[in-house]
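Trainee: Quick one, protein_33.txt (compact mmCIF, C-alpha atoms):
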```
# COMPACT_ATOMS: atom_id res chain seq x y z
CA VAL A 150 45.19 6.00 -30.75
CA SER A 151 45.21 5.00 -27.09
CA ARG A 152 44.18 2.12 -24.94
CA GLN A 153 41.30 2.92 -22.51
CA ASN A 154 38.16 1.40 -21.16
CA PRO A 155 35.30 2.04 -23.57
CA VAL A 156 32.73 4.65 -22.55
CA LYS A 157 29.14 4.21 -23.62
CA GLU A 158 26.00 6.12 -22.72
CA VAL A 159 23.28 3.61 -21.87
CA GLN A 160 19.59 4.50 -21.88
CA LEU A 161 17.42 2.36 -19.62
CA TYR A 162 13.70 2.33 -18.85
CA GLY A 163 12.42 1.92 -15.34
CA THR A 164 10.06 2.98 -12.59
CA ILE A 165 10.16 4.86 -9.29
CA GLN A 166 9.13 2.63 -6.36
CA ALA A 167 8.78 2.97 -2.61
CA ASP A 168 11.78 1.76 -0.61
CA GLU A 169 10.43 -1.56 0.67
CA ARG A 170 12.50 -1.22 3.84
CA LEU A 171 10.29 1.76 4.76
CA SER A 172 6.94 0.00 4.14
CA GLN A 173 4.74 -1.50 6.84
CA SER A 174 1.43 -3.32 7.06
CA GLN A 175 -1.31 -1.91 9.28
CA THR A 176 -3.10 -4.91 10.75
CA SER A 177 -6.15 -5.60 12.87
CA HIS A 178 -5.32 -6.71 16.39
CA VAL A 179 -8.76 -8.26 16.98
CA ASN A 180 -11.41 -10.21 15.10
CA GLY A 181 -14.43 -8.15 14.14
CA ARG A 182 -16.29 -5.96 11.66
CA ILE A 183 -15.02 -2.65 10.27
CA GLU A 184 -17.51 -0.06 11.54
CA GLN A 185 -15.72 3.06 10.33
CA LEU A 186 -12.65 3.87 8.27
CA ALA A 187 -10.70 7.05 8.93
CA VAL A 188 -8.52 6.34 5.89
CA ASN A 189 -10.66 6.23 2.78
CA PHE A 190 -8.34 6.14 -0.23
CA THR A 191 -4.92 5.15 -1.52
CA GLY A 192 -2.54 8.10 -1.37
CA GLU A 193 -3.86 9.45 1.93
CA THR A 194 -1.29 10.51 4.55
CA VAL A 195 -1.37 8.87 7.99
CA SER A 196 0.55 9.74 11.15
CA LYS A 197 1.82 7.34 13.78
CA GLY A 198 -0.83 6.96 16.51
CA GLN A 199 -3.68 8.24 14.32
CA ALA A 200 -6.92 6.22 14.43
CA ILE A 201 -7.25 4.57 11.02
CA ALA A 202 -10.29 2.35 11.64
CA THR A 203 -12.94 1.45 14.21
CA ILE A 204 -13.76 -2.24 14.68
CA TYR A 205 -16.72 -3.88 16.45
CA SER A 206 -15.40 -6.95 18.24
CA PRO A 207 -17.53 -9.27 20.39
CA GLU A 208 -14.33 -10.90 21.74
CA LEU A 209 -12.99 -7.53 22.84
CA LEU A 210 -16.33 -6.69 24.47
CA ASN A 211 -16.12 -9.96 26.47
CA ALA A 212 -12.52 -9.20 27.50
CA GLN A 213 -13.55 -5.75 28.75
CA GLN A 214 -16.42 -7.28 30.73
CA GLU A 215 -13.92 -9.75 32.24
CA LEU A 216 -11.81 -6.77 33.37
CA ILE A 217 -14.86 -5.10 34.97
CA GLU A 218 -15.75 -8.32 36.81
CA ALA A 219 -12.12 -8.87 37.87
CA LYS A 220 -12.06 -5.33 39.29
CA LYS A 221 -14.99 -6.28 41.55
CA LEU A 222 -12.96 -9.25 42.85
CA GLU A 223 -9.67 -7.35 43.16
CA GLY A 224 -9.50 -7.79 46.95
CA VAL A 225 -10.16 -11.55 46.75
CA GLN A 226 -8.34 -12.51 43.51
CA PRO A 227 -5.78 -9.81 42.57
CA ILE A 228 -4.23 -12.02 39.88
CA LEU A 229 -7.47 -11.98 37.86
CA ILE A 230 -7.34 -8.24 37.26
CA GLU A 231 -3.73 -8.37 36.02
CA SER A 232 -4.50 -11.20 33.58
CA ALA A 233 -7.56 -9.29 32.30
CA ARG A 234 -5.38 -6.20 31.78
CA GLU A 235 -2.75 -8.25 29.99
CA LYS A 236 -5.36 -9.74 27.65
CA LEU A 237 -6.41 -6.21 26.62
CA ARG A 238 -2.76 -5.13 26.32
CA LEU A 239 -2.14 -7.99 23.87
CA TRP A 240 -5.01 -6.64 21.75
CA LYS A 241 -3.18 -3.28 21.69
CA LEU A 242 -5.43 -1.40 24.11
CA SER A 243 -3.37 1.14 25.99
CA ASP A 244 -3.06 1.18 29.78
CA GLU A 245 -5.07 4.42 29.74
CA GLN A 246 -7.92 2.71 27.87
CA SER A 247 -7.91 -0.18 30.37
CA ALA A 248 -7.87 2.26 33.30
CA GLU A 249 -10.85 4.12 31.79
CA ILE A 250 -12.80 0.84 31.50
CA GLU A 251 -12.02 0.07 35.14
CA ARG A 252 -13.04 3.57 36.29
CA SER A 253 -16.26 3.80 34.28
CA GLY A 254 -17.29 0.15 34.62
CA VAL A 255 -18.54 0.33 31.00
CA ALA A 256 -17.34 -1.97 28.24
CA LYS A 257 -17.14 -0.47 24.75
CA PRO A 258 -17.96 -2.80 21.85
CA GLN A 259 -15.78 -0.87 19.41
CA VAL A 260 -12.04 -0.30 19.38
CA ALA A 261 -9.93 2.15 17.38
CA ILE A 262 -7.05 0.70 15.38
CA LYS A 263 -4.15 3.15 15.43
CA ALA A 264 -1.41 3.56 12.84
CA ASN A 265 1.93 2.13 13.95
CA THR A 266 3.90 4.24 11.44
CA SER A 267 3.68 7.48 9.50
CA GLY A 268 3.55 7.58 5.71
CA ILE A 269 1.36 7.35 2.64
CA VAL A 270 -1.28 4.64 2.13
CA VAL A 271 -0.14 2.71 -0.94
CA GLU A 272 -2.75 -0.05 -0.70
CA LYS A 273 -6.20 -0.13 0.92
CA ARG A 274 -7.47 -3.68 1.51
CA VAL A 275 -10.74 -3.17 3.46
CA ASN A 276 -14.01 -1.28 3.31
CA GLU A 277 -16.60 -0.44 5.94
CA GLY A 278 -18.66 -3.51 6.83
CA ASP A 279 -15.89 -6.01 6.03
CA TYR A 280 -15.14 -8.71 8.57
CA VAL A 281 -11.49 -9.07 9.54
CA ASN A 282 -9.49 -11.56 11.57
CA GLN A 283 -6.70 -10.84 13.97
CA GLY A 284 -3.61 -10.16 11.84
CA SER A 285 -5.57 -9.19 8.71
CA VAL A 286 -3.84 -6.45 6.74
CA LEU A 287 -6.00 -3.34 6.52
CA PHE A 288 -3.55 -0.99 4.76
CA GLN A 289 -0.02 -0.94 3.40
CA VAL A 290 1.76 2.27 4.39
CA ALA A 291 5.05 3.48 2.89
CA ASN A 292 7.34 6.28 3.96
CA LEU A 293 8.12 8.03 0.66
CA SER A 294 10.93 10.21 2.02
CA GLN A 295 13.28 7.83 0.21
CA VAL A 296 12.41 5.98 -3.02
CA TRP A 297 14.16 3.62 -5.44
CA ALA A 298 14.63 4.11 -9.16
CA MET A 299 14.42 0.60 -10.64
CA PHE A 300 15.87 0.29 -14.15
CA ASP A 301 15.69 -2.61 -16.61
CA ALA A 302 19.14 -3.35 -18.10
CA TYR A 303 19.82 -5.75 -20.95
CA GLU A 304 22.63 -8.27 -20.67
CA VAL A 305 24.67 -6.52 -23.40
CA ASP A 306 24.60 -3.30 -21.32
CA LEU A 307 25.89 -4.86 -18.08
CA PRO A 308 29.64 -4.43 -18.86
CA PHE A 309 29.04 -0.68 -19.11
CA LEU A 310 27.29 -0.37 -15.71
CA LYS A 311 29.02 -0.29 -12.35
CA VAL A 312 28.48 0.95 -8.82
CA GLY A 313 29.20 4.65 -8.56
CA ASP A 314 28.25 5.55 -12.15
CA LYS A 315 26.49 8.88 -12.63
CA VAL A 316 22.78 8.49 -13.39
CA ASP A 317 20.53 11.09 -14.99
CA PHE A 318 16.87 10.25 -15.27
CA THR A 319 13.80 11.93 -16.67
CA LEU A 320 10.13 11.30 -16.06
CA GLN A 321 7.47 11.44 -18.75
CA ALA A 322 5.44 13.94 -16.73
CA ILE A 323 8.39 16.24 -15.98
```
For the file at hand, write its structure as structure tokens.
Mentor:
Amino acid sequence: VSRQNPVKEVQLYGTIQADERLSQSQTSHVNGRIEQLAVNFTGETVSKGQAIATIYSPELLNAQQELIEAKKLEGVQPILIESAREKLRLWKLSDEQSAEIERSGVAKPQVAIKANTSGIVVEKRVNEGDYVNQGSVLFQVANLSQVWAMFDAYEVDLPFLKVGDKVDFTLQAI
């Protein structure tokens, strides 16, 4: 007989979940209508910078027309063109897109929403034809390179669990 801490094998049930620190929302930067979705289902992989949706936005069309008009007055009112560019920048249009609008003199009524992170779509919240507001969540994207195993422990099992314990887990499918 000896005195030692008791050892007990504890079996717990749980789930595998995405690490919430690696999840991000993909939002609309403008008000408008979803014209086309490039991401059509949950589980699809997206890459940072990839176009995930095309939105028709009357407000964006007006802002582009303001830039075209400001370009015509650049010699008289140079501050107008910079404020028009900044307005488009705030709606996440790149400097290249603004420069193309200035060069061509043509406003485009649709804008591509680009992914701000890479990962797997874990939730799709919109369909083609839906109207969205600025800040509306279109998709939830998670990087699944790291996941959490979340176990349910009963109060009577807590004395037998501590940080650093070895964990073996099995999945029903494997």
Trainee: Would you mind telling me which residue in A:Tyr205, A:Tyr162, A:Phe318, A:Phe309 lies nearest to A:Val260 when using all atoms listed in the file?
Mentor: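 Among A:Tyr205, A:Tyr162, A:Phe318, A:Phe309, it is A:Tyr205 that comes nearest to A:Val260.
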Trainee: Using only C-alpha atoms, which of the listed residues (A:Lys220, A:Lys311, A:Lys263, A:Lys236) sits closest to A:Leu186?
Mentor: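 The shortest atom-to-atom distance to A:Leu186 comes from A:Lys263.
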Trainee: Scan for residues within 7 Å of the point (-9.6, -8.7, 15.6) in the coordinates of the file, using all atoms listed in the file, and reply as a PyMOL selection string.
Mentor: chain A and resi 177-181+206+281-283
Trainee: Near A:Ile201, within 10 Å and counting all atoms listed in the file, which residues show up once chain neighbours fewer than 2 positions away are dropped, as a PyMOL selection string?
Mentor: chain A and resi 175+185-189+195-199+203+261-265+287-288
Trainee: Record the distance separating atom CA of A:Glu249 and atom CA of A:Ile183, expressed in Å with one decimal.
Mentor: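 Atom CA of A:Ile183 lies 22.9 Å from atom CA of A:Glu249.
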Trainee: Please, what distance in Å, to one decimal, runs between atom CA of A:Val271 and atom CA of A:Phe190?
Mentor: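 Straight-line distance from atom CA of A:Val271 to atom CA of A:Phe190 works out to 8.9 Å.
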Trainee: Looking at all atoms listed in the file, which of A:Asn154, A:Gln226, A:Gln289, A:Gln213 is the one that sits closest to A:Ala256?
Mentor: A:Gln213
Trainee: Find the residue from A:Pro227, A:Asn292, A:Asp168, A:Leu161 that sits nearest to A:Glu304; use only C-alpha atoms when measuring.
Mentor: A:Leu161
Trainee: Got a minute to add all heavy atoms to stretch 297-308 of chain A and dump it as a PDB file, in the frame of the given file?
Mentor:
```pdb
ATOM      1  N   TRP A 297      13.208   4.307  -4.564  1.00  0.00           N
ATOM      2  CA  TRP A 297      14.160   3.620  -5.440  1.00  0.00           C
ATOM      3  C   TRP A 297      13.800   3.898  -6.883  1.00  0.00           C
ATOM      4  O   TRP A 297      12.624   3.924  -7.247  1.00  0.00           O
ATOM      5  CB  TRP A 297      14.107   2.125  -5.213  1.00  0.00           C
ATOM      6  CG  TRP A 297      14.667   1.654  -3.901  1.00  0.00           C
ATOM      7  CD1 TRP A 297      15.399   2.365  -3.009  1.00  0.00           C
ATOM      8  CD2 TRP A 297      14.525   0.352  -3.352  1.00  0.00           C
ATOM      9  NE1 TRP A 297      15.725   1.588  -1.929  1.00  0.00           N
ATOM     10  CE2 TRP A 297      15.202   0.335  -2.113  1.00  0.00           C
ATOM     11  CE3 TRP A 297      13.904  -0.807  -3.770  1.00  0.00           C
ATOM     12  CZ2 TRP A 297      15.272  -0.781  -1.312  1.00  0.00           C
ATOM     13  CZ3 TRP A 297      13.977  -1.926  -2.966  1.00  0.00           C
ATOM     14  CH2 TRP A 297      14.655  -1.918  -1.753  1.00  0.00           C
ATOM     15  N   ALA A 298      14.813   4.077  -7.711  1.00  0.00           N
ATOM     16  CA  ALA A 298      14.630   4.110  -9.160  1.00  0.00           C
ATOM     17  C   ALA A 298      15.067   2.738  -9.658  1.00  0.00           C
ATOM     18  O   ALA A 298      16.229   2.359  -9.515  1.00  0.00           O
ATOM     19  CB  ALA A 298      15.464   5.222  -9.783  1.00  0.00           C
ATOM     20  N   MET A 299      14.144   1.979 -10.199  1.00  0.00           N
ATOM     21  CA  MET A 299      14.420   0.600 -10.640  1.00  0.00           C
ATOM     22  C   MET A 299      14.477   0.585 -12.168  1.00  0.00           C
ATOM     23  O   MET A 299      13.481   0.855 -12.837  1.00  0.00           O
ATOM     24  CB  MET A 299      13.307  -0.336 -10.155  1.00  0.00           C
ATOM     25  CG  MET A 299      13.106  -0.336  -8.649  1.00  0.00           C
ATOM     26  SD  MET A 299      14.469  -1.014  -7.726  1.00  0.00           S
ATOM     27  CE  MET A 299      14.258  -2.737  -8.033  1.00  0.00           C
ATOM     28  N   PHE A 300      15.666   0.279 -12.710  1.00  0.00           N
ATOM     29  CA  PHE A 300      15.870   0.290 -14.150  1.00  0.00           C
ATOM     30  C   PHE A 300      16.006  -1.123 -14.690  1.00  0.00           C
ATOM     31  O   PHE A 300      16.536  -2.005 -14.018  1.00  0.00           O
ATOM     32  CB  PHE A 300      17.123   1.100 -14.507  1.00  0.00           C
ATOM     33  CG  PHE A 300      17.040   2.539 -14.100  1.00  0.00           C
ATOM     34  CD1 PHE A 300      17.728   2.994 -12.988  1.00  0.00           C
ATOM     35  CD2 PHE A 300      16.282   3.430 -14.827  1.00  0.00           C
ATOM     36  CE1 PHE A 300      17.650   4.326 -12.607  1.00  0.00           C
ATOM     37  CE2 PHE A 300      16.199   4.762 -14.458  1.00  0.00           C
ATOM     38  CZ  PHE A 300      16.883   5.207 -13.346  1.00  0.00           C
ATOM     39  N   ASP A 301      15.563  -1.323 -15.922  1.00  0.00           N
ATOM     40  CA  ASP A 301      15.690  -2.610 -16.610  1.00  0.00           C
ATOM     41  C   ASP A 301      16.905  -2.531 -17.537  1.00  0.00           C
ATOM     42  O   ASP A 301      16.921  -1.731 -18.477  1.00  0.00           O
ATOM     43  CB  ASP A 301      14.432  -2.920 -17.429  1.00  0.00           C
ATOM     44  CG  ASP A 301      13.196  -3.022 -16.560  1.00  0.00           C
ATOM     45  OD1 ASP A 301      13.316  -3.537 -15.435  1.00  0.00           O
ATOM     46  OD2 ASP A 301      12.118  -2.584 -16.997  1.00  0.00           O
ATOM     47  N   ALA A 302      17.925  -3.335 -17.282  1.00  0.00           N
ATOM     48  CA  ALA A 302      19.140  -3.350 -18.100  1.00  0.00           C
ATOM     49  C   ALA A 302      19.218  -4.666 -18.873  1.00  0.00           C
ATOM     50  O   ALA A 302      18.935  -5.732 -18.328  1.00  0.00           O
ATOM     51  CB  ALA A 302      20.369  -3.185 -17.225  1.00  0.00           C
ATOM     52  N   TYR A 303      19.611  -4.554 -20.140  1.00  0.00           N
ATOM     53  CA  TYR A 303      19.820  -5.750 -20.950  1.00  0.00           C
ATOM     54  C   TYR A 303      21.206  -6.318 -20.677  1.00  0.00           C
ATOM     55  O   TYR A 303      22.128  -5.609 -20.262  1.00  0.00           O
ATOM     56  CB  TYR A 303      19.662  -5.435 -22.436  1.00  0.00           C
ATOM     57  CG  TYR A 303      18.254  -5.044 -22.801  1.00  0.00           C
ATOM     58  CD1 TYR A 303      17.916  -3.706 -23.019  1.00  0.00           C
ATOM     59  CD2 TYR A 303      17.258  -6.001 -22.905  1.00  0.00           C
ATOM     60  CE1 TYR A 303      16.617  -3.341 -23.344  1.00  0.00           C
ATOM     61  CE2 TYR A 303      15.954  -5.646 -23.222  1.00  0.00           C
ATOM     62  CZ  TYR A 303      15.643  -4.320 -23.442  1.00  0.00           C
ATOM     63  OH  TYR A 303      14.362  -3.964 -23.752  1.00  0.00           O
ATOM     64  N   GLU A 304      21.363  -7.590 -20.951  1.00  0.00           N
ATOM     65  CA  GLU A 304      22.630  -8.270 -20.670  1.00  0.00           C
ATOM     66  C   GLU A 304      23.800  -7.619 -21.407  1.00  0.00           C
ATOM     67  O   GLU A 304      24.889  -7.507 -20.862  1.00  0.00           O
ATOM     68  CB  GLU A 304      22.499  -9.747 -21.072  1.00  0.00           C
ATOM     69  CG  GLU A 304      23.620 -10.614 -20.586  1.00  0.00           C
ATOM     70  CD  GLU A 304      23.363 -12.083 -20.848  1.00  0.00           C
ATOM     71  OE1 GLU A 304      22.206 -12.506 -20.935  1.00  0.00           O
ATOM     72  OE2 GLU A 304      24.360 -12.810 -20.970  1.00  0.00           O
ATOM     73  N   VAL A 305      23.586  -7.136 -22.624  1.00  0.00           N
ATOM     74  CA  VAL A 305      24.670  -6.520 -23.400  1.00  0.00           C
ATOM     75  C   VAL A 305      25.117  -5.191 -22.786  1.00  0.00           C
ATOM     76  O   VAL A 305      26.229  -4.735 -23.042  1.00  0.00           O
ATOM     77  CB  VAL A 305      24.270  -6.312 -24.886  1.00  0.00           C
ATOM     78  CG1 VAL A 305      24.041  -7.636 -25.575  1.00  0.00           C
ATOM     79  CG2 VAL A 305      23.062  -5.425 -25.003  1.00  0.00           C
ATOM     80  N   ASP A 306      24.254  -4.570 -21.957  1.00  0.00           N
ATOM     81  CA  ASP A 306      24.600  -3.300 -21.320  1.00  0.00           C
ATOM     82  C   ASP A 306      25.351  -3.473 -20.006  1.00  0.00           C
ATOM     83  O   ASP A 306      25.954  -2.513 -19.508  1.00  0.00           O
ATOM     84  CB  ASP A 306      23.338  -2.471 -21.054  1.00  0.00           C
ATOM     85  CG  ASP A 306      22.635  -2.037 -22.325  1.00  0.00           C
ATOM     86  OD1 ASP A 306      23.334  -1.781 -23.328  1.00  0.00           O
ATOM     87  OD2 ASP A 306      21.393  -1.961 -22.315  1.00  0.00           O
ATOM     88  N   LEU A 307      25.315  -4.647 -19.417  1.00  0.00           N
ATOM     89  CA  LEU A 307      25.890  -4.860 -18.080  1.00  0.00           C
ATOM     90  C   LEU A 307      27.380  -4.537 -17.985  1.00  0.00           C
ATOM     91  O   LEU A 307      27.811  -3.989 -16.965  1.00  0.00           O
ATOM     92  CB  LEU A 307      25.606  -6.283 -17.604  1.00  0.00           C
ATOM     93  CG  LEU A 307      24.132  -6.612 -17.345  1.00  0.00           C
ATOM     94  CD1 LEU A 307      23.978  -8.050 -16.869  1.00  0.00           C
ATOM     95  CD2 LEU A 307      23.515  -5.652 -16.348  1.00  0.00           C
ATOM     96  N   PRO A 308      28.216  -4.809 -19.001  1.00  0.00           N
ATOM     97  CA  PRO A 308      29.640  -4.430 -18.860  1.00  0.00           C
ATOM     98  C   PRO A 308      29.863  -2.928 -18.734  1.00  0.00           C
ATOM     99  O   PRO A 308      30.905  -2.487 -18.254  1.00  0.00           O
ATOM    100  CB  PRO A 308      30.279  -4.952 -20.155  1.00  0.00           C
ATOM    101  CG  PRO A 308      29.354  -5.992 -20.671  1.00  0.00           C
ATOM    102  CD  PRO A 308      27.986  -5.587 -20.213  1.00  0.00           C
TER     103      PRO A 308
END
```
